Amino acid sequence: MKLAVISDLHGNYYALSEVMEFLRRQQIDGIIGLGDFVTDGPFPQRMMGVLREMQEEFPCYLVRGNREEYLLENLWQPQNWKAGSSTSGLLDYTFRNLTDQDLKFFEQLPTDGVLIGKLDEAGKLVPVFVPQEEVTPDTCRESLFPALRLCHGAPGEIRGNFGLHPELLLSHLENLDASILLGGHSHKQEQNRYRKLHYQNCMSSRDTHLRYWTMKKCRKLWRVSESMVCWCRELSGNAKKAVMRLFPGIQESMYAKFLD
């Protein structure tokens with residue numbers, strides 16, 4: 001069994017498209033997505049289109065990120081974001097360019113849970129995601145492969161940042177019910193080990209390459225390998241100016257490669 005792990009795409013629909021094109025040529029059994037799929041990038045509808053395409057082609061196991069949480073909080077109670085003002089402006093732009101269906105999609109995503117192995121009706125080993133509210137003390141023990149706990153920041157703390165608070169990571173590893181804790185949020189690739197338990201922080205796509213992981217089950221272990229896909233294309237001067245007009249005050253280098 002082989003699973004791809006992605007995280008913190010932040011609206012980079014082109015990078016996700018390139019990764020999907022690569023994964024179509026691989027024998028992938030599913031894709032794990034660890035949140036922050038939108039905001040920061042232009043054209044949120046293009047990103048939503050690629051996300052839905054990904055779900056149609058691959059079994060997907062997705063959790064909500066803090067950026068999706070921000071958008072939902074604005075839906076439930078307006079946050080008075082100011083257009084054009086850095087992070088607040090990017091959130092405002094993204095929210096205004098999402099549909100009710102998009103927001104419902106994010107609302108239905110779990111914040112964390114565990115991925116376990118079960119046999120389907122044909123006797124084939126398949127991944128099954130169990131949301132945290134349905135996890136019992138036996139859930140991970142009954143898994144037919146080493147269970148994976150999925151979260152964005154930290155289990156039960158969607159905005160938890162292990163990079164800023166190492167003691168938070170130790171606390172979660174000491175109480176981890178799965179074999180591996182998979183997370184994102186900090187945009188820093190990390191691999192930490194505590195006794196026989198592991199923490200893996202996936203990747204970010206904020207440069208010219210998207211980094212993602214492939215997890216392959218080997219007997220009773222998961223073997224993790226890193227892959228990179230180059231996604232950037234050169235833009236004309238007019239295209240760069242068009243992107244910058246959408247995001248006043250944002251660094252040119254962050255957006256200069258998004259358009260076709």
# chains A, B, ... in the order shown; residues from 1 in each chain; ligands from 1
>>> residues_around(residues="range 141-152 of chain A", least_positions_apart="2", cutoff="6 Å", atoms="only C-alpha atoms", output="list of chain:residue names")
A:Leu34, A:Gly35, A:Gly65, A:Asp112, A:Gly113, A:Val114, A:Leu115, A:Ile116, A:Gly117, A:Lys118, A:Asp138, A:Thr139, A:Ala154, A:Pro155, A:Ile158, A:Ala178, A:Ser179, A:Ile180, A:Leu181, A:Leu182, A:Gly183, A:Gly184, A:His185
>>> select_by_dssp(residues="range 3-173 of chain A", states="strand (DSSP E or B)", output="ChimeraX atom specification")
/A:3-6,30-33,60-62,112-119,125-131,148-151,154,157
>>> residues_around(residues="Phe58 in chain A", least_positions_apart="4", cutoff="7 Å", atoms="only C-alpha atoms", output="PyMOL selection string")
chain A and resi 30-31+54
>>> write_last_selection(atoms="N, CA, C and O atoms", output="JSON list (two decimals), in the first residue's frame")
[["chain", "number", "residue", "atom", "x", "y", "z"],
["A", 30, "GLY", "N", -4.06, 6.19, -2.28],
["A", 30, "GLY", "CA", -4.83, 7.27, -1.69],
["A", 30, "GLY", "C", -3.97, 8.48, -1.41],
["A", 30, "GLY", "O", -2.74, 8.42, -1.48],
["A", 31, "ILE", "N", -4.63, 9.60, -1.12],
["A", 31, "ILE", "CA", -3.94, 10.86, -0.83],
["A", 31, "ILE", "C", -4.41, 11.38, 0.51],
["A", 31, "ILE", "O", -5.61, 11.52, 0.76],
["A", 54, "MET", "N", -9.29, 15.91, -7.65],
["A", 54, "MET", "CA", -8.46, 14.97, -6.90],
["A", 54, "MET", "C", -9.33, 13.95, -6.17],
["A", 54, "MET", "O", -9.03, 12.74, -6.16]]
>>> closest_residue(among="A:Arg67, A:Arg223, A:Arg24, A:Lys217", to="Leu9 in chain A", atoms="only C-alpha atoms")
A:Arg67
>>> residues_around(residues="Phe106 in chain A", least_positions_apart="4", cutoff="12 Å", atoms="only C-alpha atoms", output="list in words")
Gly35, Asp36, Phe37, Val38, Met48, Leu51, Arg52, Leu62, Val63, Arg64, Gly65, Asn66, Arg67, Glu68, Glu69, Tyr70, Leu71, Leu72, Glu73, Leu75, Phe95, Leu98, Thr99, Asp100, Gln101, Asp102, Pro110 and Thr111 of chain A
>>> atom_distance(atom1="CA of Gly89 in chain A", atom2="CA of Gly156 in chain A")
27.5 Å
>>> atom_distance(atom1="CA of Glu174 in chain A", atom2="CA of Asn192 in chain A")
12.5 Å
>>> closest_residue(among="A:Asp177, A:Gln79, A:Pro131, A:Val50", to="Met20 in chain A", atoms="only C-alpha atoms")
A:Val50
>>> atom_distance(atom1="CA of Pro59 in chain A", atom2="CA of Val135 in chain A")
20.6 Å
>>> select_by_dssp(residues="range 2-242 of chain A", states="helix (DSSP H, G or I)", output="ChimeraX atom specification")
/A:13-23,44-57,66-76,86-96,100-107,132-134,166-174,237-242
